[in-house]
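Printed here is model.txt (compact mmCIF, C-alpha atoms and all ligand atoms):
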# COMPACT_ATOMS: atom_id res chain seq x y z
CA MET A 1 -22.69 -19.68 -10.18
CA SER A 2 -21.33 -18.98 -6.73
CA LEU A 3 -22.66 -16.23 -4.47
CA LYS A 4 -19.27 -14.58 -4.69
CA LEU A 5 -19.46 -14.05 -8.45
CA LYS A 6 -23.12 -13.10 -8.32
CA ALA A 7 -22.31 -10.36 -5.82
CA LEU A 8 -19.36 -9.28 -7.95
CA THR A 9 -21.52 -8.74 -11.03
CA LYS A 10 -23.93 -6.59 -9.04
CA SER A 11 -21.33 -4.34 -7.50
CA LEU A 12 -18.48 -3.47 -9.83
CA TRP A 13 -16.14 -0.87 -8.45
CA VAL A 14 -14.12 0.74 -11.18
CA PHE A 15 -10.59 2.06 -11.07
CA HIS A 16 -9.86 4.26 -14.06
CA LEU A 17 -6.34 4.30 -15.44
CA CYS A 18 -5.13 6.31 -18.41
CA ILE A 19 -1.79 5.03 -19.57
CA GLY A 20 0.46 7.29 -21.49
CA GLY A 21 -0.28 7.88 -25.16
CA SER A 22 -3.86 8.96 -25.71
CA CYS A 23 -5.83 12.02 -26.67
CA ASN A 24 -7.88 11.78 -23.43
CA ASN A 25 -11.15 11.72 -25.30
CA CYS A 26 -11.88 8.22 -24.05
CA ASP A 27 -11.45 9.48 -20.48
CA ILE A 28 -13.97 12.21 -21.18
CA GLU A 29 -16.42 9.62 -22.51
CA ILE A 30 -15.92 7.58 -19.34
CA LEU A 31 -16.73 10.66 -17.27
CA ASP A 32 -19.86 11.01 -19.39
CA LEU A 33 -20.76 7.47 -18.48
CA LEU A 34 -20.57 8.31 -14.79
CA THR A 35 -22.77 11.41 -14.97
CA PRO A 36 -26.41 11.40 -13.76
CA ARG A 37 -27.64 10.97 -17.34
CA TYR A 38 -26.54 7.34 -17.48
CA ASP A 39 -26.50 6.81 -13.68
CA VAL A 40 -24.52 3.58 -13.53
CA GLU A 41 -24.82 3.54 -9.73
CA ARG A 42 -28.21 1.92 -10.40
CA PHE A 43 -26.26 -1.23 -11.24
CA GLY A 44 -23.82 -0.84 -8.37
CA ILE A 45 -21.04 0.52 -10.56
CA MET A 46 -18.96 3.05 -8.69
CA LEU A 47 -15.72 4.88 -9.33
CA VAL A 48 -13.17 4.30 -6.56
CA GLY A 49 -9.91 6.07 -5.95
CA SER A 50 -7.69 3.22 -4.85
CA ILE A 51 -6.80 0.10 -6.82
CA ARG A 52 -7.13 -1.98 -3.65
CA HIS A 53 -10.89 -1.36 -3.63
CA ALA A 54 -11.38 -2.04 -7.32
CA ASP A 55 -12.98 -4.94 -9.17
CA VAL A 56 -12.54 -3.47 -12.62
CA LEU A 57 -9.35 -1.99 -14.00
CA LEU A 58 -10.51 0.33 -16.77
CA ILE A 59 -7.65 1.20 -19.10
CA THR A 60 -7.56 3.82 -21.84
CA GLY A 61 -4.71 4.96 -24.04
CA SER A 62 -1.86 3.08 -25.66
CA LEU A 63 0.93 1.58 -23.65
CA THR A 64 4.23 3.46 -23.52
CA TYR A 65 7.58 2.20 -22.27
CA LYS A 66 7.26 4.19 -19.07
CA SER A 67 3.65 3.34 -18.27
CA ALA A 68 4.00 -0.38 -19.04
CA VAL A 69 5.75 -0.94 -15.71
CA ARG A 70 3.05 0.93 -13.84
CA ALA A 71 0.19 -0.81 -15.61
CA LYS A 72 1.64 -4.19 -14.78
CA ARG A 73 2.17 -3.27 -11.14
CA LEU A 74 -1.37 -1.93 -10.83
CA TYR A 75 -2.72 -5.14 -12.31
CA GLU A 76 -0.80 -7.14 -9.73
CA GLN A 77 -2.06 -4.89 -6.93
CA MET A 78 -5.71 -5.40 -7.81
CA PRO A 79 -7.37 -7.88 -5.38
CA LYS A 80 -8.68 -10.87 -7.32
CA PRO A 81 -11.21 -11.78 -8.67
CA GLY A 82 -11.15 -8.74 -10.89
CA VAL A 83 -11.47 -7.92 -14.56
CA VAL A 84 -9.51 -5.72 -16.94
CA VAL A 85 -11.41 -3.61 -19.45
CA ALA A 86 -9.70 -1.89 -22.35
CA VAL A 87 -11.54 1.12 -23.74
CA GLY A 88 -10.86 2.70 -27.13
CA SER A 89 -8.76 1.79 -30.14
CA CYS A 90 -5.65 3.08 -28.40
CA ALA A 91 -5.87 0.52 -25.62
CA LEU A 92 -6.98 -2.23 -27.99
CA GLY A 93 -4.28 -1.98 -30.59
CA ARG A 94 -2.41 1.30 -30.13
CA GLY A 95 -4.80 3.16 -32.51
CA ILE A 96 -3.35 6.29 -34.04
CA PHE A 97 -0.17 5.84 -32.02
CA LYS A 98 0.64 2.55 -33.75
CA ASP A 99 3.84 3.79 -35.35
CA GLY A 100 4.97 5.85 -32.37
CA TYR A 101 8.57 5.54 -31.23
CA ASN A 102 7.55 4.92 -27.61
CA THR A 103 4.58 2.57 -27.88
CA PRO A 104 5.98 -0.95 -27.72
CA CYS A 105 2.95 -3.25 -27.83
CA PRO A 106 -0.84 -3.46 -27.52
CA LEU A 107 -2.18 -3.74 -23.97
CA ASP A 108 -3.20 -7.39 -24.12
CA GLU A 109 0.34 -8.50 -24.78
CA LEU A 110 1.26 -7.21 -21.33
CA ILE A 111 -1.70 -8.10 -19.10
CA PRO A 112 -4.77 -10.27 -19.75
CA VAL A 113 -7.71 -8.21 -20.98
CA ASP A 114 -11.23 -9.51 -20.36
CA LEU A 115 -13.29 -7.00 -22.28
CA TYR A 116 -12.49 -4.94 -25.36
CA ILE A 117 -14.59 -1.89 -26.13
CA PRO A 118 -13.65 -0.57 -29.59
CA GLY A 119 -14.27 2.94 -30.84
CA CYS A 120 -12.41 6.19 -31.10
CA PRO A 121 -13.85 7.14 -28.67
CA PRO A 122 -16.60 4.60 -27.82
CA LYS A 123 -19.92 6.07 -26.76
CA PRO A 124 -21.10 5.54 -23.17
CA GLU A 125 -23.85 3.29 -24.57
CA ALA A 126 -21.18 1.07 -26.11
CA MET A 127 -19.46 0.77 -22.75
CA ILE A 128 -22.71 -0.18 -21.03
CA ALA A 129 -23.35 -2.79 -23.75
CA GLY A 130 -19.85 -4.15 -23.17
CA ILE A 131 -20.32 -4.42 -19.42
CA VAL A 132 -23.63 -6.22 -19.95
CA LYS A 133 -21.90 -8.74 -22.23
CA LEU A 134 -19.18 -9.28 -19.66
CA VAL A 135 -21.70 -9.84 -16.86
CA GLU A 136 -23.59 -12.33 -19.00
CA LYS A 137 -20.40 -14.15 -19.76
CA VAL A 138 -19.54 -14.37 -16.07
CA LYS A 139 -23.03 -15.71 -15.45
CA GLY A 140 -22.33 -18.39 -18.04
CA LYS A 141 -25.17 -17.46 -20.38
CA ARG A 142 -22.96 -17.25 -23.45
CA MET B 1 -25.54 -16.51 27.63
CA GLY B 2 -28.22 -13.86 27.44
CA LEU B 3 -25.56 -11.18 27.35
CA LEU B 4 -23.75 -12.93 24.52
CA LEU B 5 -26.99 -13.15 22.60
CA ASN B 6 -27.55 -9.45 23.24
CA PHE B 7 -24.08 -8.69 21.99
CA LEU B 8 -24.26 -10.81 18.87
CA ILE B 9 -27.86 -10.57 17.80
CA PHE B 10 -30.53 -8.27 19.09
CA PRO B 11 -29.45 -4.82 20.06
CA GLY B 12 -25.89 -5.77 19.18
CA PHE B 13 -24.07 -6.84 16.07
CA LEU B 14 -26.58 -8.33 13.65
CA PHE B 15 -29.37 -5.88 14.33
CA SER B 16 -27.25 -2.76 14.19
CA ALA B 17 -25.41 -3.99 11.11
CA ILE B 18 -28.65 -4.52 9.22
CA ILE B 19 -30.10 -1.17 10.28
CA GLY B 20 -26.80 0.56 9.55
CA LEU B 21 -26.49 -0.88 6.05
CA PHE B 22 -30.08 0.05 5.37
CA ALA B 23 -29.44 3.60 6.62
CA SER B 24 -26.44 3.92 4.32
CA TRP B 25 -28.67 2.82 1.46
CA ILE B 26 -31.13 5.59 2.36
CA ASP B 27 -28.19 7.97 2.29
CA ARG B 28 -27.13 6.82 -1.18
CA LYS B 29 -30.67 6.82 -2.52
CA VAL B 30 -31.54 10.31 -1.27
CA THR B 31 -28.22 11.61 -2.56
CA ALA B 32 -29.06 10.11 -5.95
CA ARG B 33 -32.51 11.68 -5.97
CA ILE B 34 -31.02 15.06 -5.07
CA GLN B 35 -28.67 14.72 -8.04
CA TRP B 36 -31.61 13.81 -10.28
CA ARG B 37 -30.61 10.14 -10.56
CA ILE B 38 -32.42 6.96 -9.71
CA GLY B 39 -29.89 5.46 -7.36
CA PRO B 40 -29.03 1.92 -6.27
CA PRO B 41 -31.57 -0.73 -5.21
CA TRP B 42 -32.18 -1.31 -1.50
CA TYR B 43 -29.94 -4.35 -1.23
CA GLN B 44 -26.92 -2.61 -2.77
CA ASN B 45 -24.93 -2.19 0.46
CA PHE B 46 -25.48 -5.83 1.44
CA ILE B 47 -24.21 -6.93 -1.95
CA ASP B 48 -21.18 -4.67 -1.67
CA LEU B 49 -20.40 -6.27 1.66
CA ILE B 50 -20.77 -9.84 0.38
CA LYS B 51 -18.62 -9.03 -2.61
CA LEU B 52 -15.89 -7.57 -0.43
CA LEU B 53 -15.97 -10.65 1.80
CA GLY B 54 -15.39 -12.82 -1.26
CA LYS B 55 -12.40 -10.90 -2.52
CA GLU B 56 -8.73 -11.34 -1.90
CA THR B 57 -7.35 -9.50 1.13
CA ILE B 58 -3.97 -7.97 0.47
CA ILE B 59 -1.80 -7.19 3.47
CA PRO B 60 0.99 -4.74 2.72
CA ARG B 61 4.40 -4.67 4.34
CA GLY B 62 4.39 -2.85 7.66
CA ASN B 63 2.83 -3.71 10.96
CA LYS B 64 0.59 -6.67 10.15
CA PHE B 65 -1.00 -6.98 13.58
CA THR B 66 -2.34 -3.44 13.83
CA PHE B 67 -3.35 -3.54 10.17
CA LEU B 68 -5.46 -6.62 10.80
CA PHE B 69 -6.74 -5.67 14.21
CA ALA B 70 -7.76 -2.05 13.60
CA PRO B 71 -10.98 -2.67 11.62
CA LEU B 72 -12.03 -5.52 13.91
CA GLY B 73 -11.48 -3.36 16.99
CA GLY B 74 -13.60 -0.63 15.45
CA VAL B 75 -16.48 -3.00 14.74
CA ILE B 76 -16.28 -4.59 18.19
CA SER B 77 -16.38 -1.25 20.00
CA ILE B 78 -19.33 -0.03 17.93
CA THR B 79 -21.15 -3.29 18.66
CA LEU B 80 -20.60 -2.71 22.38
CA VAL B 81 -22.11 0.77 22.12
CA ALA B 82 -25.04 -0.67 20.19
CA THR B 83 -25.64 -3.25 22.90
CA ILE B 84 -25.42 -0.76 25.77
CA LEU B 85 -27.67 1.80 24.08
CA GLY B 86 -30.18 -0.74 22.86
CA LYS B 87 -30.59 -2.32 26.28
CA LEU B 88 -30.90 1.10 27.91
CA LEU B 89 -33.60 2.24 25.53
CA ILE B 90 -35.56 -0.93 26.23
CA ASN B 91 -35.23 -0.51 29.98
CA PRO B 92 -33.60 2.74 31.23
CA THR B 93 -33.40 1.57 34.85
CA GLN B 94 -30.73 -1.02 33.96
CA SER B 95 -28.09 1.67 33.82
CA VAL B 96 -24.78 1.17 35.62
CA LEU B 97 -22.71 3.98 37.13
CA GLY B 98 -20.56 5.67 34.50
CA ASP B 99 -21.95 4.06 31.36
CA LEU B 100 -22.06 7.49 29.73
CA ILE B 101 -18.28 7.72 30.11
CA VAL B 102 -17.87 4.21 28.69
CA VAL B 103 -19.99 5.05 25.67
CA LEU B 104 -18.07 8.27 25.06
CA TYR B 105 -14.78 6.38 25.11
CA LEU B 106 -16.08 3.58 22.90
CA LEU B 107 -17.28 6.14 20.36
CA ILE B 108 -13.71 7.46 19.95
CA ILE B 109 -12.38 3.99 19.12
CA PRO B 110 -13.58 3.94 15.46
CA ALA B 111 -11.55 7.09 14.80
CA LEU B 112 -8.60 5.52 16.61
CA ALA B 113 -9.01 2.38 14.52
CA MET B 114 -8.85 4.44 11.36
CA ILE B 115 -5.74 6.21 12.63
CA LEU B 116 -4.00 2.96 13.62
CA GLY B 117 -4.96 1.07 10.50
CA GLY B 118 -4.04 3.89 8.17
CA SER B 119 -0.65 4.49 9.73
CA SER B 120 0.27 0.79 9.87
CA SER B 121 -0.25 0.43 6.12
CA GLY B 122 2.77 2.63 5.45
CA ASN B 123 1.23 4.41 2.49
CA PRO B 124 2.17 8.10 2.18
CA LEU B 125 -1.36 9.15 1.21
CA ALA B 126 -2.74 7.15 4.13
CA SER B 127 -0.39 8.99 6.46
CA VAL B 128 -1.74 12.31 5.19
CA GLY B 129 -5.22 11.00 5.91
CA VAL B 130 -4.15 9.83 9.36
CA SER B 131 -2.73 13.20 10.32
CA ARG B 132 -5.92 14.90 9.17
CA GLU B 133 -8.07 12.44 11.09
CA MET B 134 -6.05 13.08 14.23
CA LYS B 135 -6.53 16.83 13.95
CA LEU B 136 -10.20 16.34 13.29
CA VAL B 137 -10.61 14.18 16.39
CA LEU B 138 -8.88 16.85 18.46
CA ALA B 139 -11.17 19.44 16.90
CA TYR B 140 -14.60 17.89 17.41
CA GLU B 141 -14.08 15.93 20.60
CA PHE B 142 -13.86 19.00 22.85
CA PRO B 143 -17.18 20.67 21.90
CA PHE B 144 -18.82 17.23 21.79
CA ILE B 145 -17.87 16.50 25.40
CA LEU B 146 -19.02 19.98 26.42
CA SER B 147 -22.40 19.41 24.80
CA VAL B 148 -22.73 16.07 26.61
CA LEU B 149 -21.77 17.81 29.83
CA THR B 150 -24.75 20.13 29.40
CA MET B 151 -27.15 17.21 29.71
CA VAL B 152 -25.17 15.77 32.60
CA ILE B 153 -25.64 19.03 34.50
CA LYS B 154 -29.30 19.33 33.55
CA ALA B 155 -30.13 15.84 34.73
CA GLY B 156 -28.69 16.61 38.14
CA ASN B 157 -24.98 15.80 37.82
CA THR B 158 -25.39 12.18 36.87
CA ILE B 159 -23.15 10.09 34.66
CA ARG B 160 -25.67 7.31 34.26
CA LEU B 161 -27.11 7.38 30.75
CA GLY B 162 -30.28 5.69 32.01
CA GLN B 163 -30.81 8.43 34.56
CA ILE B 164 -30.52 11.08 31.86
CA ILE B 165 -33.19 9.23 29.86
CA THR B 166 -35.54 8.87 32.81
CA TYR B 167 -35.00 12.53 33.73
CA GLN B 168 -36.17 13.52 30.26
CA MET B 169 -39.12 11.16 30.45
CA ASP B 170 -40.20 12.92 33.66
CA TYR B 171 -39.38 16.56 32.91
CA GLY B 172 -39.49 16.85 29.11
CA SER B 173 -36.70 16.33 26.64
CA GLY B 174 -33.42 18.20 26.59
CA VAL B 175 -34.09 19.99 23.31
CA GLY B 176 -37.11 21.63 24.92
CA SER B 177 -34.91 23.99 26.91
CA LEU B 178 -32.56 26.69 25.65
CA SER B 179 -29.32 25.10 26.82
CA GLY B 180 -30.38 21.67 25.59
CA MET B 181 -31.24 23.11 22.18
CA LEU B 182 -27.83 24.76 21.85
CA ALA B 183 -26.07 21.58 22.96
CA PHE B 184 -28.12 19.56 20.46
CA VAL B 185 -27.07 21.79 17.56
CA VAL B 186 -23.43 21.44 18.61
CA ALA B 187 -23.80 17.68 18.91
CA VAL B 188 -25.33 17.39 15.43
CA LEU B 189 -22.36 19.24 13.95
CA CYS B 190 -19.93 17.02 15.85
CA MET B 191 -21.87 13.95 14.73
CA GLN B 192 -21.30 14.93 11.11
CA ALA B 193 -17.56 15.04 11.77
CA LYS B 194 -17.62 11.78 13.72
CA LEU B 195 -19.35 10.06 10.83
CA GLY B 196 -16.72 11.43 8.46
CA LEU B 197 -19.26 12.86 6.03
CA VAL B 198 -19.03 16.00 3.93
CA PRO B 199 -18.11 18.76 4.91
CA PHE B 200 -15.82 16.92 7.33
CA ASP B 201 -14.71 13.97 5.17
CA ILE B 202 -11.25 15.50 5.20
CA SER B 203 -9.44 12.33 6.23
CA GLU B 204 -10.79 10.20 3.39
CA ALA B 205 -11.15 12.83 0.72
CA GLU B 206 -11.64 10.68 -2.37
CA GLN B 207 -10.57 13.29 -4.88
CA GLU B 208 -7.38 14.54 -3.26
CA ILE B 209 -5.91 11.72 -1.18
CA ILE B 210 -7.87 8.86 -2.77
CA SER B 211 -9.76 7.59 0.31
CA GLY B 212 -6.84 8.42 2.60
CA VAL B 213 -6.78 6.08 5.56
CA PHE B 214 -8.53 3.24 3.72
CA ILE B 215 -6.28 3.31 0.68
CA GLU B 216 -4.43 0.04 1.36
CA TYR B 217 -7.41 -1.91 2.67
CA SER B 218 -9.05 -4.55 0.54
CA GLY B 219 -11.40 -7.50 0.80
CA PHE B 220 -12.50 -8.58 4.27
CA LEU B 221 -10.78 -5.75 6.13
CA LEU B 222 -12.31 -3.08 3.90
CA ALA B 223 -15.68 -4.74 4.43
CA MET B 224 -15.18 -4.42 8.18
CA PHE B 225 -14.40 -0.72 7.84
CA LYS B 226 -17.46 -0.16 5.63
CA LEU B 227 -19.57 -2.02 8.17
CA MET B 228 -18.11 0.09 10.96
CA LYS B 229 -19.05 3.29 9.15
CA SER B 230 -22.55 2.05 8.44
CA MET B 231 -23.08 1.00 12.05
CA LEU B 232 -21.84 4.39 13.18
CA LEU B 233 -24.54 5.92 11.01
CA TYR B 234 -27.06 4.01 13.11
CA ILE B 235 -25.43 4.49 16.52
CA MET B 236 -24.61 8.20 16.52
CA PRO B 237 -28.16 9.49 15.87
CA LEU B 238 -29.48 6.98 18.42
CA PHE B 239 -26.98 8.25 21.00
CA LEU B 240 -28.02 11.85 20.38
CA ILE B 241 -31.69 10.91 20.66
CA SER B 242 -31.16 9.20 24.00
CA LEU B 243 -29.14 12.15 25.28
CA TYR B 244 -31.27 15.08 24.19
CA TRP B 245 -34.60 13.94 22.86
CA ALA B 246 -35.82 11.05 24.95
CA GLU B 247 -39.10 12.23 26.47
CA ASN B 248 -40.85 9.46 24.55
CA ILE B 249 -38.90 6.35 23.62
CA GLY B 250 -41.65 4.25 22.13
CA ILE B 251 -40.64 2.40 19.00
CA TYR B 252 -42.50 4.65 16.54
CA SER B 253 -41.25 7.90 17.99
CA LEU B 254 -37.71 6.47 18.01
CA ILE B 255 -37.97 5.61 14.32
CA GLY B 256 -39.42 9.02 13.53
CA LYS B 257 -36.67 10.86 15.35
CA TYR B 258 -34.00 8.66 13.81
CA VAL B 259 -35.26 9.36 10.30
CA PHE B 260 -35.42 13.07 11.08
CA LEU B 261 -31.77 13.10 12.19
CA LEU B 262 -30.76 11.01 9.17
CA VAL B 263 -32.42 13.51 6.85
CA ILE B 264 -30.54 16.35 8.54
CA ILE B 265 -27.26 14.46 8.10
CA ILE B 266 -27.94 13.77 4.43
CA LEU B 267 -29.01 17.34 3.74
CA ILE B 268 -25.85 18.76 5.32
CA LYS B 269 -23.84 16.21 3.37
CA ASN B 270 -25.34 17.13 0.03
CA THR B 271 -25.34 20.89 0.32
CA SER B 272 -21.86 21.69 1.50
CA PRO B 273 -18.35 21.50 0.07
CA ARG B 274 -15.43 19.89 1.86
CA LEU B 275 -13.57 22.07 4.36
CA ARG B 276 -9.81 22.17 4.73
CA VAL B 277 -8.54 20.69 7.96
CA ASP B 278 -7.47 24.07 9.35
CA GLN B 279 -10.90 25.50 8.56
CA ALA B 280 -12.54 22.59 10.36
CA LEU B 281 -10.30 23.10 13.38
CA ARG B 282 -11.07 26.80 13.49
CA PHE B 283 -14.77 26.09 13.08
CA PHE B 284 -14.91 23.59 15.93
CA TRP B 285 -12.67 25.43 18.37
CA GLY B 286 -14.17 28.82 17.55
CA PRO B 287 -17.94 29.24 17.14
CA VAL B 288 -18.91 25.67 18.02
CA THR B 289 -16.97 25.59 21.29
CA LEU B 290 -18.40 29.01 22.14
CA LEU B 291 -21.92 27.71 21.61
CA ALA B 292 -21.17 24.62 23.67
CA SER B 293 -19.73 26.66 26.56
CA LEU B 294 -22.77 28.92 26.43
CA ALA B 295 -24.95 25.82 26.70
CA VAL B 296 -22.99 24.60 29.74
CA ILE B 297 -23.26 27.99 31.46
CA LEU B 298 -26.99 28.19 30.75
CA ALA B 299 -27.44 24.67 32.10
CA MET B 300 -25.63 25.68 35.28
CA LEU B 301 -28.01 28.63 35.61
CA GLY B 302 -30.87 26.19 35.27
CA ARG B 303 -32.25 27.22 31.89
S1 LIG C 1 -9.04 5.65 -28.78
FE1 LIG C 1 -9.27 7.54 -29.92
S2 LIG C 1 -10.48 8.83 -28.58
FE2 LIG C 1 -9.66 7.18 -27.29
S3 LIG C 1 -7.77 7.99 -26.46
FE3 LIG C 1 -7.23 6.90 -28.33
S4 LIG C 1 -7.22 8.46 -29.94
FE4 LIG C 1 -8.33 9.31 -28.17
Show me this structure written as structure tokens.
Amino acid sequence: MSLKLKALTKSLWVFHLCIGGSCNNCDIEILDLLTPRYDVERFGIMLVGSIRHADVLLITGSLTYKSAVRAKRLYEQMPKPGVVVAVGSCALGRGIFKDGYNTPCPLDELIPVDLYIPGCPPKPEAMIAGIVKLVEKVKGKR
Amino acid sequence: MGLLLNFLIFPGFLFSAIIGLFASWIDRKVTARIQWRIGPPWYQNFIDLIKLLGKETIIPRGNKFTFLFAPLGGVISITLVATILGKLLINPTQSVLGDLIVVLYLLIIPALAMILGGSSSGNPLASVGVSREMKLVLAYEFPFILSVLTMVIKAGNTIRLGQIITYQMDYGSGVGSLSGMLAFVVAVLCMQAKLGLVPFDISEAEQEIISGVFIEYSGFLLAMFKLMKSMLLYIMPLFLISLYWAENIGIYSLIGKYVFLLVIIILIKNTSPRLRVDQALRFFWGPVTLLASLAVILAMLGR
């Protein structure tokens, strides 16, 4: 594994995006993840404000017609290499908004998703487990 | 050749970068401990830097030259200050006429680099950050120069930094006297603003204008800006030590004083909320300038 990827796995800067249809509970769980109780800064994970600084695009909520354009643009604006993480049933497969009039498709039909974290909402522990799996995959252990 | 080596390696680039990154780690770690967390490992800032160097650098529409050059200019000017200060602290008699003025000018360049880089990116939030940074520079630069002037007067109207250091080695450090103490307090407050830390992180407020001036920077250029900030965290306390507190510049006492100043910076950072830009302006032009002028007058009276 190159030094570049090794450094990337040790310092993941997260940009959090909530697209359209969701109940915002996943966002609250993500905030829980960032509190001192779980202290993800130990592993170099930090929340950043601008997509240009980000390595991880963390997406919650189900895609709507309006937000699809924005989500795609944000994905293109992220400097590569970067990963996309979908959190919650909404982002995975539209969840409870499946039959909504304004939710065209699941997220991974629009942009490539690297990590799916299921749950409604997933616990912070589940998110940490997901990140660990992703890091191991990048390292080529699995 | 020797000068180039000085610039690139020992008191210059490599040395100050390593110390600066380490100091920023201390900042993050102490902050974490204050918030009852464990905090990142000691190599975290180095890893962040390597990661940023390996990432794609996106250059937005707008003025490409200033966008590219601003972070590099900032790093180069800070490296120059590091070289000048480092060589002076090793041997204070090497001073040339007016190096204090040079250092003061070079220390403004990081702020100018942020202003130039932010405004050339053409992002509306960056332009808000730029305007705030400009006002902040106007606010803190005046009392800062006044507080430096105090030491200039005390050391017998000299603008050689080396002479100020040797004066303190002979007659006791600046903070020992009343005017020096006042000027030191003013300079510490201005240092906090120069470093762009809370309560004066107005221009890169993460929560309101999402890192303001840095918003469009990515990859290599962002790494340069991060490096610039870290090196500033090493240079500014060192500059204050050599101005006000240099009666003993042995290596251990330098480290001790540096850590002391770093702790003060971190404590201020962790115990105060962010000010609005108008509050910061009023603060610096009101009470702080008053204190600084008092220090200058006292120095003229020989206190
Ligand atoms: S997945 Fe569930 S908890 Fe998360 S936003 Fe959707 S409905 Fe809310």
Using all atoms listed in the file, determine which residues lie at most 7 Å from A:His16, disregarding the query and same-chain residues fewer than 2 positions distant; provide the list as a PDB file with C-alpha atoms, keeping the file's coordinate frame.
ATOM      1  CA  VAL A  14     -14.120   0.740 -11.180  1.00  0.00           C
ATOM      2  CA  CYS A  18      -5.130   6.310 -18.410  1.00  0.00           C
ATOM      3  CA  LEU A  57      -9.350  -1.990 -14.000  1.00  0.00           C
ATOM      4  CA  LEU A  58     -10.510   0.330 -16.770  1.00  0.00           C
ATOM      5  CA  ILE A  59      -7.650   1.200 -19.100  1.00  0.00           C
TER       6      ILE A  59
END
Computed gap from atom CA of B:Gly73 to atom CA of B:Ser203 is 19.1 Å
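Atom CA of B:Gly172 sits 14.8 Å away from atom CA of B:Val152.
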* **Near-ligand residues for ligand LIG 1 (chain C), threshold 12 Å, only C-alpha atoms and all ligand atoms, as a PyMOL selection string** => chain A and resi 17-30+59-63+86-98+116-123
**OP:** Starting from chain B, keep only residues with some atom at most 8 Å from an atom of chain A, counting only C-alpha atoms, and report them as a PyMOL selection string.
**Re:** chain B and resi 35-41+44+47-48+50-51+54-58+206-207+210-211+215-219+222
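Closest approach to B:Trp25 from the set B:Asn45, B:Ser173, B:Asn91, B:Ser272 is made by B:Asn45, with distances taken over all atoms listed in the file.
For the pair atom CA of B:Ile159 and atom CA of B:Val102, the separation is 9.9 Å.
For the set B:Ile202, B:Leu182, B:Leu189, B:Val213, the residue with the smallest atom-to-atom gap to B:Ser119 is B:Val213, counting all atoms listed in the file.
For the choices A:Glu136, A:Glu76, A:Glu125, A:Asp99, the atom-to-atom distance to A:Leu33 is smallest for A:Glu125 when using all atoms listed in the file.
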B:Pro92 proximity check over B:Gly118, B:Ser242, B:Asp201, B:Ala223, using all atoms listed in the file: winner is B:Ser242
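Distance annotation: of B:Gly2, B:Ala155, B:Gly20, B:Pro11, the residue with the minimal separation from B:Pro237 is B:Gly20; atom set is all atoms listed in the file.
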Original post:
How would you write as a VMD selection string the residues that get within 12 Å of (-21.1, -7.8, -25.1) in the file's frame, counting all atoms listed in the file?
Top reply: chain A and resid 85 114 to 118 125 to 138 141 to 142
As JSON: centre and edge lengths in Å, one decimal, of the axis-aligned box holding stretch 17-21 of chain B with 6 Å per side:
{"center_x": -27.8, "center_y": -2.0, "center_z": 8.6, "size_x": 16.7, "size_y": 17.1, "size_z": 17.1}
Please list as a VMD selection string every residue within 9 Å of stretch 161-167 of chain B, counting only C-alpha atoms and excluding residues in the same chain fewer than 5 positions away.
chain B and resid 85 88 to 89 91 to 101 151 to 152 154 to 156 172 to 173 242 to 247 249
